>>> print(open('structure.txt').read())   # compact mmCIF, C-alpha atoms (C1' of nucleotides)
# COMPACT_ATOMS: atom_id res chain seq x y z
CA MET A 246 -117.39 -148.49 -44.46
CA LYS A 247 -120.20 -150.94 -45.03
CA LEU A 248 -123.24 -149.68 -46.82
CA SER A 249 -125.52 -151.32 -44.31
CA GLU A 250 -124.06 -149.09 -41.58
CA LYS A 251 -124.05 -145.97 -43.67
CA ASN A 252 -127.58 -144.86 -42.84
CA LYS A 253 -127.11 -144.35 -39.16
CA ASP A 254 -123.72 -142.87 -38.28
CA PHE A 255 -124.56 -139.32 -37.15
CA PHE A 256 -127.34 -140.00 -34.68
CA VAL A 257 -125.67 -143.16 -33.43
CA ASN A 258 -122.41 -141.30 -32.93
CA VAL A 259 -124.21 -138.62 -30.97
CA TYR A 260 -125.63 -141.24 -28.65
CA ASP A 261 -122.24 -142.88 -28.22
CA VAL A 262 -120.59 -139.59 -27.31
CA VAL A 263 -123.32 -138.68 -24.83
CA ARG A 264 -122.87 -142.05 -23.16
CA LEU A 265 -119.16 -141.29 -22.79
CA ILE A 266 -119.62 -137.96 -21.03
CA PRO A 267 -118.13 -138.44 -17.54
CA LYS A 268 -120.37 -137.86 -14.53
CA GLY A 269 -120.06 -134.31 -13.29
CA ARG A 270 -119.10 -132.96 -16.68
CA ALA A 271 -121.05 -131.43 -19.56
CA THR A 272 -120.56 -130.66 -23.22
CA SER A 273 -122.25 -128.68 -25.94
CA TYR A 274 -124.20 -129.49 -29.08
CA GLY A 275 -121.58 -127.76 -31.17
CA ALA A 276 -118.71 -129.68 -29.58
CA ILE A 277 -120.38 -132.97 -30.43
CA ALA A 278 -121.19 -131.82 -33.95
CA LYS A 279 -117.60 -130.75 -34.40
CA TYR A 280 -116.35 -134.10 -33.18
CA LEU A 281 -118.52 -135.73 -35.81
CA SER A 282 -116.88 -133.61 -38.52
CA SER A 283 -119.96 -131.44 -38.96
CA PRO A 284 -119.34 -128.30 -36.88
CA ARG A 285 -122.41 -126.65 -38.38
CA SER A 286 -124.77 -129.50 -37.62
CA SER A 287 -125.35 -128.72 -33.98
CA ARG A 288 -129.09 -128.64 -34.68
CA MET A 289 -128.98 -132.29 -35.60
CA VAL A 290 -127.40 -133.03 -32.25
CA GLY A 291 -130.32 -131.31 -30.62
CA TRP A 292 -132.69 -133.31 -32.78
CA ALA A 293 -130.93 -136.50 -31.74
CA MET A 294 -131.45 -135.51 -28.13
CA ASN A 295 -135.11 -134.96 -28.84
CA ALA A 296 -135.29 -138.58 -29.96
CA SER A 297 -133.13 -139.75 -27.04
CA HIS A 298 -136.24 -140.10 -24.92
CA THR A 299 -136.84 -143.40 -26.66
CA MET A 300 -133.27 -144.52 -25.97
CA PRO A 301 -131.87 -145.97 -22.72
CA ASP A 302 -128.92 -144.41 -20.88
CA ILE A 303 -128.85 -141.15 -22.76
CA ALA A 304 -127.91 -138.36 -20.33
CA ALA A 305 -129.33 -135.48 -22.33
CA HIS A 306 -128.98 -133.20 -19.30
CA ARG A 307 -125.22 -133.21 -19.78
CA VAL A 308 -125.59 -131.51 -23.14
CA VAL A 309 -126.13 -127.77 -23.16
CA ASN A 310 -125.46 -124.94 -25.57
CA ARG A 311 -122.02 -123.44 -25.98
CA ASN A 312 -122.58 -120.88 -23.18
CA GLY A 313 -123.45 -123.55 -20.63
CA LEU A 314 -127.08 -122.48 -20.79
CA LEU A 315 -129.70 -125.17 -20.22
CA THR A 316 -131.51 -124.45 -23.48
CA GLY A 317 -133.05 -127.91 -23.67
CA LYS A 318 -134.52 -127.74 -20.19
CA ALA A 319 -138.06 -127.20 -21.47
CA HIS A 320 -137.98 -130.58 -23.17
CA PHE A 321 -137.57 -132.50 -19.95
CA ASN A 322 -140.37 -133.88 -17.90
CA PRO A 323 -140.58 -132.02 -15.69
CA PRO A 324 -138.18 -129.29 -16.90
CA GLU A 325 -136.62 -128.88 -13.46
CA ILE A 326 -135.21 -132.40 -13.62
CA MET A 327 -132.38 -131.25 -15.86
CA GLN A 328 -130.92 -128.85 -13.31
CA GLU A 329 -131.53 -131.30 -10.48
CA ARG A 330 -129.59 -134.05 -12.22
CA LEU A 331 -126.69 -131.71 -12.97
CA GLU A 332 -126.51 -130.46 -9.39
CA ARG A 333 -126.66 -134.01 -8.07
CA GLU A 334 -123.55 -134.74 -10.14
CA GLY A 335 -121.77 -131.78 -8.63
CA ILE A 336 -122.47 -129.22 -11.32
CA SER A 337 -123.71 -125.88 -10.01
CA VAL A 338 -126.51 -124.28 -11.98
CA LYS A 339 -127.56 -120.68 -11.55
CA ASP A 340 -130.32 -119.01 -13.55
CA ASP A 341 -130.48 -121.93 -16.02
CA GLN A 342 -126.77 -121.58 -16.59
CA ILE A 343 -123.92 -123.83 -15.52
CA VAL A 344 -121.52 -122.12 -13.12
CA ASN A 345 -117.83 -122.75 -13.83
CA PHE A 346 -118.87 -124.08 -17.21
CA GLN A 347 -115.33 -123.76 -18.45
CA GLU A 348 -114.23 -126.18 -15.73
CA VAL A 349 -116.88 -128.84 -16.23
CA PHE A 350 -116.88 -128.54 -19.99
CA TRP A 351 -115.99 -131.82 -21.62
CA ASP A 352 -114.92 -131.56 -25.25
CA PRO A 353 -115.05 -134.92 -27.08
CA SER A 354 -112.71 -133.65 -29.79
CA ILE A 355 -110.09 -133.19 -27.06
CA GLU A 356 -110.91 -135.83 -24.45
CA LEU A 357 -111.56 -138.59 -26.97
CA LYS A 358 -108.97 -137.22 -29.36
CA LEU A 359 -108.22 -140.49 -31.16
C1' DC B 107 -142.94 -131.94 -53.26
C1' DC B 108 -142.49 -127.40 -51.00
C1' DA B 109 -142.64 -124.72 -46.64
C1' DT B 110 -141.73 -124.38 -41.94
C1' DT B 111 -139.54 -125.44 -37.64
C1' DG B 112 -135.95 -126.33 -34.28
C1' DA B 113 -132.60 -128.99 -27.40
C1' DC B 114 -127.38 -124.53 -32.29
C1' DT B 115 -123.46 -121.51 -33.74
C1' DT B 116 -121.04 -117.78 -35.91
C1' DA B 117 -120.75 -113.46 -37.88
C1' DA B 118 -122.20 -108.86 -38.66
C1' DG B 119 -124.50 -104.28 -37.83
C1' DC C 147 -126.85 -105.66 -25.44
C1' DC C 148 -129.98 -105.90 -29.30
C1' DT C 149 -131.60 -108.00 -33.91
C1' DT C 150 -130.74 -110.37 -38.61
C1' DA C 151 -128.91 -113.57 -41.52
C1' DA C 152 -126.95 -117.65 -42.97
C1' DG C 153 -125.50 -122.40 -42.63
C1' DC C 154 -126.86 -127.06 -41.17
C1' DC C 155 -130.41 -131.11 -42.16
C1' DA C 156 -134.14 -134.34 -40.16
C1' DA C 157 -138.87 -134.19 -39.17
C1' DT C 158 -143.45 -132.57 -39.83
C1' DG C 159 -147.63 -130.57 -42.14
>>> encode(input="structure.txt", output="structure tokens")
Amino acid sequence: MKLSEKNKDFFVNVYDVVRLIPKGRATSYGAIAKYLSSPRSSRMVGWAMNASHTMPDIAAHRVVNRNGLLTGKAHFNPPEIMQERLEREGISVKDDQIVNFQEVFWDPSIELKL
DNA sequence: CCATTGACTTAAG
DNA sequence: CCTTAAGCCAATG
């Protein structure tokens, strides 16, 4: 790996994965962290999402915690937009939680496999 | 430079 | 079902 690319990797990978999440599906911070070989770095995924506001085409609403709970909802503007976007894609949300989460869950470590 | 915080997760009591 | 604790690591004061 080139040294010039070394700096970025984690955050950039997070953005790439988020871009690959199919419409109507959702994944978790932990799943992304795990895919990036850092299963305990889910917080960094969240931090990357926090910075995603400055990035184009980052569907942060498709990333929730491992229970399908919309934990990052408060960071949207307005917060309700997160649930609205999910429902528009066909994902049912009840009480800030994704219904049938197990069905819409998209795990990069399985779907992208490699 | 040290302390605190956080869009998380797992384990333990 | 509840609270703590620990691990993770960039960002912020």
>>> residues_around(input="structure.txt", residues="C:DT150", least_positions_apart="4", cutoff="12 Å", atoms="all atoms listed in the file", output="PyMOL selection string")
chain B and resi 117-119
>>> interface_residues(input="structure.txt", of="chain C", to="chain A", cutoff="10 Å", atoms="all atoms listed in the file", output="MDAnalysis selection string")
chainID C and resid 153:157
>>> write_last_selection(input="structure.txt", atoms="C-alpha atoms (C1' of nucleotides)", output="PDB file, in the coordinates of the input")
ATOM      1  C1'  DG C 153    -125.500-122.400 -42.630  1.00  0.00           C
ATOM      2  C1'  DC C 154    -126.860-127.060 -41.170  1.00  0.00           C
ATOM      3  C1'  DC C 155    -130.410-131.110 -42.160  1.00  0.00           C
ATOM      4  C1'  DA C 156    -134.140-134.340 -40.160  1.00  0.00           C
ATOM      5  C1'  DA C 157    -138.870-134.190 -39.170  1.00  0.00           C
TER       6       DA C 157
END
>>> atom_distance(input="structure.txt", atom1="atom CA of A:Pro301", atom2="atom CA of A:Asp254")
17.8 Å
>>> residues_around(input="structure.txt", residues="B:DT110", least_positions_apart="2", cutoff="12 Å", atoms="all atoms listed in the file", output="PyMOL selection string")
(chain B and resi 108+112) or (chain C and resi 157-159)
>>> closest_atom_pairs(input="structure.txt", of="chain B", to="chain A", cutoff="10 Å", atoms="all atoms listed in the file", output="CSV")
residue,atom,partner,partner_atom,distance
B:DG112,C1',A:Arg288,CA,7.2
B:DA113,C1',A:Gly317,CA,3.9
B:DC114,C1',A:Ser287,CA,5.0
B:DT115,C1',A:Arg285,CA,7.0
B:DT116,C1',A:Arg285,CA,9.3
>>> atom_distance(input="structure.txt", atom1="atom CA of A:Asn312", atom2="atom CA of A:Ser297")
22.0 Å
>>> atom_distance(input="structure.txt", atom1="atom CA of A:Trp351", atom2="atom CA of A:Val257")
19.0 Å
>>> closest_residue(input="structure.txt", among="A:Leu281, A:Ala271, A:Ala304, A:Ile266", to="A:Val349", atoms="all atoms listed in the file")
A:Ala271
>>> residues_around(input="structure.txt", residues="A:Arg264", least_positions_apart="5", cutoff="9 Å", atoms="only C-alpha atoms (C1' of nucleotides)", output="list of chain:residue names")
A:Val259, A:Asp302, A:Ile303, A:Ala304
>>> axis_aligned_box(input="structure.txt", around="stretch 111-114 of chain B", padding_each_side="8 Å", output="AutoDock Vina command-line options")
--center_x -133.5 --center_y -126.8 --center_z -32.5 --size_x 28.2 --size_y 20.5 --size_z 26.2
>>> build_atoms(input="structure.txt", residues="stretch 304-335 of chain A", atoms="N, CA and C atoms", output="compact mmCIF listing (two decimals), in the coordinates of the input")
# COMPACT_ATOMS: atom_id res chain seq x y z
N ALA A 304 -127.88 -139.47 -21.29
CA ALA A 304 -127.91 -138.36 -20.33
C ALA A 304 -127.98 -137.03 -21.07
N ALA A 305 -129.15 -136.71 -21.56
CA ALA A 305 -129.33 -135.48 -22.33
C ALA A 305 -129.09 -134.23 -21.49
N HIS A 306 -129.18 -134.37 -20.17
CA HIS A 306 -128.98 -133.20 -19.30
C HIS A 306 -127.53 -132.74 -19.26
N ARG A 307 -126.63 -133.59 -19.77
CA ARG A 307 -125.22 -133.21 -19.78
C ARG A 307 -124.85 -132.48 -21.07
N VAL A 308 -125.83 -132.23 -21.89
CA VAL A 308 -125.59 -131.51 -23.14
C VAL A 308 -126.33 -130.17 -23.12
N VAL A 309 -125.55 -129.11 -23.20
CA VAL A 309 -126.13 -127.77 -23.16
C VAL A 309 -125.58 -126.96 -24.34
N ASN A 310 -125.99 -125.72 -24.45
CA ASN A 310 -125.46 -124.94 -25.57
C ASN A 310 -124.06 -124.44 -25.23
N ARG A 311 -123.43 -123.76 -26.14
CA ARG A 311 -122.02 -123.44 -25.98
C ARG A 311 -121.73 -122.46 -24.84
N ASN A 312 -122.76 -121.80 -24.31
CA ASN A 312 -122.58 -120.88 -23.18
C ASN A 312 -122.83 -121.57 -21.84
N GLY A 313 -123.16 -122.85 -21.87
CA GLY A 313 -123.45 -123.55 -20.63
C GLY A 313 -124.88 -123.29 -20.19
N LEU A 314 -125.68 -122.77 -21.09
CA LEU A 314 -127.08 -122.48 -20.79
C LEU A 314 -127.93 -123.72 -21.03
N LEU A 315 -128.85 -123.97 -20.12
CA LEU A 315 -129.70 -125.17 -20.22
C LEU A 315 -130.86 -124.94 -21.21
N THR A 316 -130.51 -124.76 -22.45
CA THR A 316 -131.51 -124.45 -23.48
C THR A 316 -132.53 -125.56 -23.70
N GLY A 317 -132.14 -126.79 -23.41
CA GLY A 317 -133.05 -127.91 -23.67
C GLY A 317 -133.91 -128.26 -22.48
N LYS A 318 -133.79 -127.50 -21.43
CA LYS A 318 -134.52 -127.74 -20.19
C LYS A 318 -136.03 -127.93 -20.39
N ALA A 319 -136.61 -127.14 -21.25
CA ALA A 319 -138.06 -127.20 -21.47
C ALA A 319 -138.53 -128.53 -22.04
N HIS A 320 -137.61 -129.31 -22.57
CA HIS A 320 -137.98 -130.58 -23.17
C HIS A 320 -137.96 -131.74 -22.19
N PHE A 321 -137.59 -131.45 -20.95
CA PHE A 321 -137.57 -132.50 -19.95
C PHE A 321 -138.92 -132.58 -19.27
N ASN A 322 -139.09 -133.66 -18.55
CA ASN A 322 -140.37 -133.88 -17.90
C ASN A 322 -140.15 -134.33 -16.46
N PRO A 323 -140.32 -133.44 -15.48
CA PRO A 323 -140.58 -132.02 -15.69
C PRO A 323 -139.28 -131.28 -16.02
N PRO A 324 -139.35 -130.07 -16.48
CA PRO A 324 -138.18 -129.29 -16.90
C PRO A 324 -137.13 -129.15 -15.80
N GLU A 325 -137.56 -129.09 -14.56
CA GLU A 325 -136.62 -128.88 -13.46
C GLU A 325 -135.66 -130.05 -13.28
N ILE A 326 -136.02 -131.21 -13.82
CA ILE A 326 -135.21 -132.40 -13.62
C ILE A 326 -133.80 -132.24 -14.19
N MET A 327 -133.68 -131.44 -15.23
CA MET A 327 -132.38 -131.25 -15.86
C MET A 327 -131.40 -130.61 -14.89
N GLN A 328 -131.80 -129.53 -14.26
CA GLN A 328 -130.92 -128.85 -13.31
C GLN A 328 -130.66 -129.73 -12.10
N GLU A 329 -131.69 -130.44 -11.65
CA GLU A 329 -131.53 -131.30 -10.48
C GLU A 329 -130.48 -132.37 -10.73
N ARG A 330 -130.55 -132.99 -11.89
CA ARG A 330 -129.59 -134.05 -12.22
C ARG A 330 -128.17 -133.50 -12.27
N LEU A 331 -128.02 -132.31 -12.86
CA LEU A 331 -126.69 -131.71 -12.97
C LEU A 331 -126.14 -131.41 -11.58
N GLU A 332 -126.97 -130.83 -10.73
CA GLU A 332 -126.51 -130.46 -9.39
C GLU A 332 -126.19 -131.70 -8.56
N ARG A 333 -126.92 -132.78 -8.81
CA ARG A 333 -126.66 -134.01 -8.07
C ARG A 333 -125.30 -134.59 -8.46
N GLU A 334 -124.86 -134.24 -9.67
CA GLU A 334 -123.55 -134.74 -10.14
C GLU A 334 -122.43 -133.78 -9.76
N GLY A 335 -122.80 -132.72 -9.08
CA GLY A 335 -121.77 -131.78 -8.63
C GLY A 335 -121.62 -130.55 -9.50
